[in-house]
Amino acid sequence: MARPKEFDVEEALDRAMELFRRQGFEGTSMNELQEAMGIGRQSLYDTFGDKKQLFLRSLDRYTARGRETMAAPLFAPDASLPELRRYFEEIVEFLTPRDGNGGCLLAGAIVELGADHPEVASCCRTNQRSLREAIRKALKRAQVDGMIRKEIDCESISLVLMGKLYGMTLLARNGASRAQLRKSVKQLLDMFTS
């Protein structure tokens with residue numbers, strides 16, 4: 001009979017996810033993971049597998065959490081320009097926390113591992129496609145509602161906004177302020193409005 005877990009698996013995964021978000025995959029050691037997660041090495045391996053498997057589970061959890069929280073309004077069937085603006089506002093808040101520990105686990109994973117780890121690249125691409133499609137649909141809805149000019153190509157603009165999203169992640173990591181990012185998002189979105 002297997003012994004019951006003596007730790008909260010979801011809480012331990014959240015701690016690993018946060019450590020990976022702050023330090024990246026390569027910058028995080030197994031000892032740091034054990035300490036942050038509050039579990040022993042054998043429990044870590046038995047429950048989560050090796051470091052790469054733990055990282056992939058962290059990416060999946062991070063993506064699901066983002067969709068359930070910040071991106072939830074954007075994925076609503078009637079999402080339009082207000083939801084798109086709200087989403088970018090949430091992203092700016094997330095990337096510029098008061099403690100200075102901002103950053104995006106997915107963006108970091110793409111930069112650090114994307115080309116060399118097919119599983120990581122696949123996870124990131126899946127998330128990008130899903131998010132870009134939600135942005136495209138919100139733009140299209142805003143266009144139908146007369147909030148965005150009719151001549152705007154929503155497909156192309158969704159890619160521009162994805163670029164903005166990932167660019168803000170790097171800018172925030174390099175010291176861009178919350179006010180600067182808010183202003184840049186507002187100006188970009190205002191360029192498309194009617």
# chains A, B, ... in the order shown; residues from 1 in each chain; ligands from 1

$ select_by_dssp --residues "stretch 1-188 of chain A" --states "helix (DSSP H, G or I)" --output "PyMOL selection string"
chain A and resi 9-23+30-37+41-48+51-68+72-75+81-95+105-113+118-144+154-173+178-188

$ closest_residue --among "A:Gly40, A:Pro82, A:Gly27, A:Gly108" --to "A:Val120" --atoms "only C-alpha atoms"
A:Gly108

$ closest_atom_pairs --of "stretch 95-194 of chain A" --to "stretch 52-61 of chain A" --cutoff "12 Å" --atoms "only C-alpha atoms" --output "CSV"
residue,atom,partner,partner_atom,distance
A:Cys104,CA,A:Leu59,CA,10.3
A:Leu105,CA,A:Leu59,CA,7.1
A:Leu106,CA,A:Leu59,CA,6.8
A:Ala107,CA,A:Leu59,CA,10.5
A:Gly108,CA,A:Leu59,CA,10.6
A:Ala109,CA,A:Leu59,CA,8.5
A:Ile110,CA,A:Leu59,CA,11.0
A:Leu113,CA,A:Lys52,CA,10.7
A:Gly114,CA,A:Leu56,CA,12.0
A:His117,CA,A:Lys52,CA,9.5
A:Pro118,CA,A:Leu56,CA,11.1
A:Glu119,CA,A:Leu56,CA,7.7
A:Val120,CA,A:Leu56,CA,6.7
A:Ala121,CA,A:Leu56,CA,10.3
A:Ser122,CA,A:Leu56,CA,10.4
A:Cys123,CA,A:Asp60,CA,7.5
A:Cys124,CA,A:Leu59,CA,8.2
A:Arg125,CA,A:Leu59,CA,11.8
A:Thr126,CA,A:Asp60,CA,10.4
A:Asn127,CA,A:Asp60,CA,9.2

$ write_last_selection --atoms "C-alpha atoms" --output "short mmCIF file (atom, residue, chain, number, x, y, z; two decimals), in the first residue's frame"
data_model
loop_
_atom_site.label_atom_id
_atom_site.label_comp_id
_atom_site.auth_asym_id
_atom_site.auth_seq_id
_atom_site.Cartn_x
_atom_site.Cartn_y
_atom_site.Cartn_z
CA CYS A 104 6.44 35.66 -17.34
CA LEU A 105 7.31 31.99 -17.06
CA LEU A 106 6.25 31.28 -20.66
CA ALA A 107 8.25 34.14 -22.15
CA GLY A 108 11.25 33.10 -20.10
CA ALA A 109 10.86 29.49 -21.24
CA ILE A 110 10.71 30.51 -24.89
CA LEU A 113 14.70 26.73 -23.78
CA GLY A 114 12.30 27.01 -26.71
CA HIS A 117 13.44 21.51 -25.88
CA PRO A 118 10.60 20.42 -28.20
CA GLU A 119 8.19 19.75 -25.32
CA VAL A 120 8.71 23.23 -23.89
CA ALA A 121 8.41 24.80 -27.35
CA SER A 122 5.20 22.86 -28.01
CA CYS A 123 3.64 23.95 -24.72
CA CYS A 124 4.53 27.58 -25.41
CA ARG A 125 3.27 27.45 -29.01
CA THR A 126 -0.05 25.94 -27.88
CA ASN A 127 -0.50 28.74 -25.36
#

$ closest_residue --among "A:Glu68, A:Arg22, A:Gly175, A:Ala16" --to "A:Glu35" --atoms "only C-alpha atoms"
A:Ala16

$ closest_residue --among "A:Ser177, A:Ser130, A:Thr47, A:Gln187" --to "A:Gly66" --atoms "only C-alpha atoms"
A:Ser130
